[in-house]
Amino acid sequence: MTLIPLRIALVITELEVGGAERCLANLACGLDRSRFAPEVYALAPPPPESRDQLVAMVRAAGIPVHFLGFRHGWQMPLAVRHLAAHLRRQNPAVVQSMLFHANVVASLAVRRAASLLSTGIRVADPARWRYAVERRTSRRANRIVCVSDAVAAFAADTMRLPHEKLLVIPNGVDTQAIADCLPADLPQLGLPHGHRSIVCVTRLAHQKGVDRLIRHAPRLMEAAPHHDLVLVGDGPDARVLRRLAVATGVSDRVHFLGWRPNVPEILKASDVMLLPSRWEGMPNVLLEAMSCARPVVCTSTSGVQQLLGPLAGPQTVSVDDTQSLVEKAVAIINDRRLADRLGTENQRRVTECFSMHAMICQYQRLFEDLATLAGPA
């Protein structure tokens, strides 16, 4: 007997390149198409052509992608109606949403469709006003996927979401694709010949703590005179951070590359990757850096300890201790043997514990378990 693939709706706020967005795109493309028939929905309009790599990847896999075209919170009621109409047409067995706005819209839309709902919490967000909204959303969710053990604990203890609905599925990374990448050419990135790279790949926003890193950059530059700081990413604080680099006297040693499609290549060309975030969930870029066999120094935010495991000691600092972050980075730069050992062990840990295959298998089990509750789609 031929089985009909389960119809799955994957809902996210937008599809510009980012951690959660890449996770959803990889999930869509990685699902076993003999068992699952996914469609992807983004609340926002399509990303600009320069940043539509994830859209192209999903469509190249033959997966329908739908953009609802909404940008503002006041448009949410209309977004709910549009998504509900799509869900009635597709009639998915399971709706999987990721990110706050997508969780809210999906939870309201499934009331008008005969689908089960799994929401996704990606970060331990300190914005308290969101807790009550997520609690209301959780009433309609059959499962709540958390990206790390720390985020699940935060969801249960701080957000007071129902513990019995929580499920941890860590991010995964395509280790083979990263292994095939070659290091970027540093002079082409704007670094002087002979200078090495200390890289920070992140969104330029308050959450990510780049302001703290730039304020401590003079100490970093003094201790590592042949290294420059390379910032990869864009965001609302880009102009403020550029001005801060000028004010601290390090603008000639801090390179703002903006958004780049070749992050693994840039990571492979670096000596250490820094992540000074104030809060996180499970940072994808940390997985990528580890997969590139790079040593890292990160603030000990949610998910970081789980990713690094026994390797956390020499590679983490407390969230408010940027000085120690700089000191650990300098120690790694100055000890090639330590850097090589940490990089090799990081790569091994990602391969063994956080593969893309493992992540997709866990989502597939979740969808099939939920489908048994829904009955035939």
# chains A, B, ... in the order shown; residues from 1 in each chain; ligands from 1

call {"tool": "closest_atom_pairs", "arguments": {"of": "range 285-312 of chain A", "to": "range 318-327 of chain A", "cutoff": "12 Å", "atoms": "only C-alpha atoms", "output": "tab-separated table"}}
result
residue	atom	partner	partner_atom	distance
A:Val296	CA	A:Leu325	CA	9.9
A:Val297	CA	A:Leu325	CA	6.3
A:Cys298	CA	A:Leu325	CA	7.0
A:Thr299	CA	A:Val319	CA	4.8
A:Ser300	CA	A:Ser318	CA	5.4
A:Thr301	CA	A:Val319	CA	6.7
A:Ser302	CA	A:Val319	CA	10.3
A:Val304	CA	A:Val319	CA	11.2
A:Gln305	CA	A:Ser318	CA	11.3
A:Ala312	CA	A:Ser318	CA	11.3

call {"tool": "residues_around", "arguments": {"residues": "Val230 in chain A", "least_positions_apart": "2", "cutoff": "8 Å", "atoms": "only C-alpha atoms", "output": "ChimeraX atom specification"}}
result
/A:197-200,228,232,254-257

call {"tool": "residues_around", "arguments": {"residues": "Leu286 in chain A", "least_positions_apart": "4", "cutoff": "12 Å", "atoms": "only C-alpha atoms", "output": "PyMOL selection string"}}
result
chain A and resi 19+171-173+199-202+263-264+267+272-277+280-282+290-301+303-308+315-316+343+346-347+349-350+354

call {"tool": "write_last_selection", "arguments": {"atoms": "C-alpha atoms", "output": "PDB file, in the first residue's frame"}}
result
ATOM      1  CA  GLY A  19      19.656  31.411  12.337  1.00  0.00           C
ATOM      2  CA  ASN A 171      19.847  23.073  16.066  1.00  0.00           C
ATOM      3  CA  GLY A 172      21.847  21.057  13.583  1.00  0.00           C
ATOM      4  CA  VAL A 173      24.496  22.014  11.068  1.00  0.00           C
ATOM      5  CA  VAL A 199      35.733  37.332  13.804  1.00  0.00           C
ATOM      6  CA  CYS A 200      32.333  38.073  15.294  1.00  0.00           C
ATOM      7  CA  VAL A 201      29.358  36.968  13.194  1.00  0.00           C
ATOM      8  CA  THR A 202      26.120  38.340  14.566  1.00  0.00           C
ATOM      9  CA  VAL A 263      30.077  32.937   6.576  1.00  0.00           C
ATOM     10  CA  PRO A 264      31.796  29.512   6.796  1.00  0.00           C
ATOM     11  CA  LEU A 267      35.058  31.653   9.863  1.00  0.00           C
ATOM     12  CA  VAL A 272      39.043  32.696  16.899  1.00  0.00           C
ATOM     13  CA  MET A 273      35.322  33.507  16.828  1.00  0.00           C
ATOM     14  CA  LEU A 274      33.849  35.788  19.515  1.00  0.00           C
ATOM     15  CA  LEU A 275      30.203  35.904  20.595  1.00  0.00           C
ATOM     16  CA  PRO A 276      29.526  38.573  23.272  1.00  0.00           C
ATOM     17  CA  SER A 277      25.715  38.194  23.395  1.00  0.00           C
ATOM     18  CA  GLU A 280      20.649  33.746  23.173  1.00  0.00           C
ATOM     19  CA  GLY A 281      18.823  30.476  22.610  1.00  0.00           C
ATOM     20  CA  MET A 282      21.271  28.235  20.764  1.00  0.00           C
ATOM     21  CA  MET A 290      32.768  24.720  15.784  1.00  0.00           C
ATOM     22  CA  SER A 291      32.115  22.822  12.561  1.00  0.00           C
ATOM     23  CA  CYS A 292      34.871  24.919  10.935  1.00  0.00           C
ATOM     24  CA  ALA A 293      37.253  23.655  13.653  1.00  0.00           C
ATOM     25  CA  ARG A 294      37.621  27.152  15.090  1.00  0.00           C
ATOM     26  CA  PRO A 295      38.146  27.932  18.771  1.00  0.00           C
ATOM     27  CA  VAL A 296      35.527  30.283  20.194  1.00  0.00           C
ATOM     28  CA  VAL A 297      35.034  32.579  23.162  1.00  0.00           C
ATOM     29  CA  CYS A 298      31.404  33.265  24.078  1.00  0.00           C
ATOM     30  CA  THR A 299      29.360  34.681  26.887  1.00  0.00           C
ATOM     31  CA  SER A 300      27.640  31.878  28.761  1.00  0.00           C
ATOM     32  CA  THR A 301      24.132  32.537  27.465  1.00  0.00           C
ATOM     33  CA  GLY A 303      22.341  27.092  24.827  1.00  0.00           C
ATOM     34  CA  VAL A 304      26.063  27.853  24.761  1.00  0.00           C
ATOM     35  CA  GLN A 305      26.904  25.468  27.602  1.00  0.00           C
ATOM     36  CA  GLN A 306      24.911  22.708  25.904  1.00  0.00           C
ATOM     37  CA  LEU A 307      26.714  23.259  22.608  1.00  0.00           C
ATOM     38  CA  LEU A 308      30.214  23.333  24.058  1.00  0.00           C
ATOM     39  CA  GLN A 315      35.752  29.121  25.800  1.00  0.00           C
ATOM     40  CA  THR A 316      33.084  30.879  27.896  1.00  0.00           C
ATOM     41  CA  GLY A 343      39.147  23.698  17.240  1.00  0.00           C
ATOM     42  CA  ASN A 346      34.784  21.593  18.804  1.00  0.00           C
ATOM     43  CA  GLN A 347      34.483  20.046  15.356  1.00  0.00           C
ATOM     44  CA  ARG A 349      31.547  17.545  19.234  1.00  0.00           C
ATOM     45  CA  VAL A 350      29.377  19.120  16.524  1.00  0.00           C
ATOM     46  CA  PHE A 354      24.568  18.388  16.500  1.00  0.00           C
TER      47      PHE A 354
END

call {"tool": "atom_distance", "arguments": {"atom1": "CA of Arg160 in chain A", "atom2": "CA of Gln207 in chain A"}}
result
22.4 Å

call {"tool": "atom_distance", "arguments": {"atom1": "CA of Leu370 in chain A", "atom2": "CA of Ala132 in chain A"}}
result
25.1 Å

call {"tool": "atom_distance", "arguments": {"atom1": "CA of Phe154 in chain A", "atom2": "CA of Ala102 in chain A"}}
result
19.6 Å

call {"tool": "closest_residue", "arguments": {"among": "A:Asn334, A:Met98, A:Leu24, A:Glu288", "to": "Gln176 in chain A", "atoms": "only C-alpha atoms"}}
result
A:Glu288

call {"tool": "residues_around", "arguments": {"residues": "range 249-251 of chain A", "least_positions_apart": "4", "cutoff": "9 Å", "atoms": "only C-alpha atoms", "output": "list in words"}}
result
Ile214, Ala217, Pro218, Met221, Arg242, Arg243, Leu244, Ala245 and His255 of chain A

call {"tool": "select_by_dssp", "arguments": {"residues": "range 3-85 of chain A", "states": "alpha helix (DSSP H)", "output": "MDAnalysis selection string"}}
result
chainID A and resid 19:30 53:60 76:85

call {"tool": "residues_around", "arguments": {"residues": "Ala93 in chain A", "least_positions_apart": "2", "cutoff": "10 Å", "atoms": "only C-alpha atoms", "output": "list in words"}}
result
Pro5, Leu6, Arg7, Ile8, Ala9, Phe36, Leu87, Gln90, Asn91, Val95, Ala113, Ala114, Ser115, Leu116, Leu117, Phe367, Glu368, Leu370, Ala371, Thr372, Leu373, Ala374, Gly375, Pro376 and Ala377 of chain A
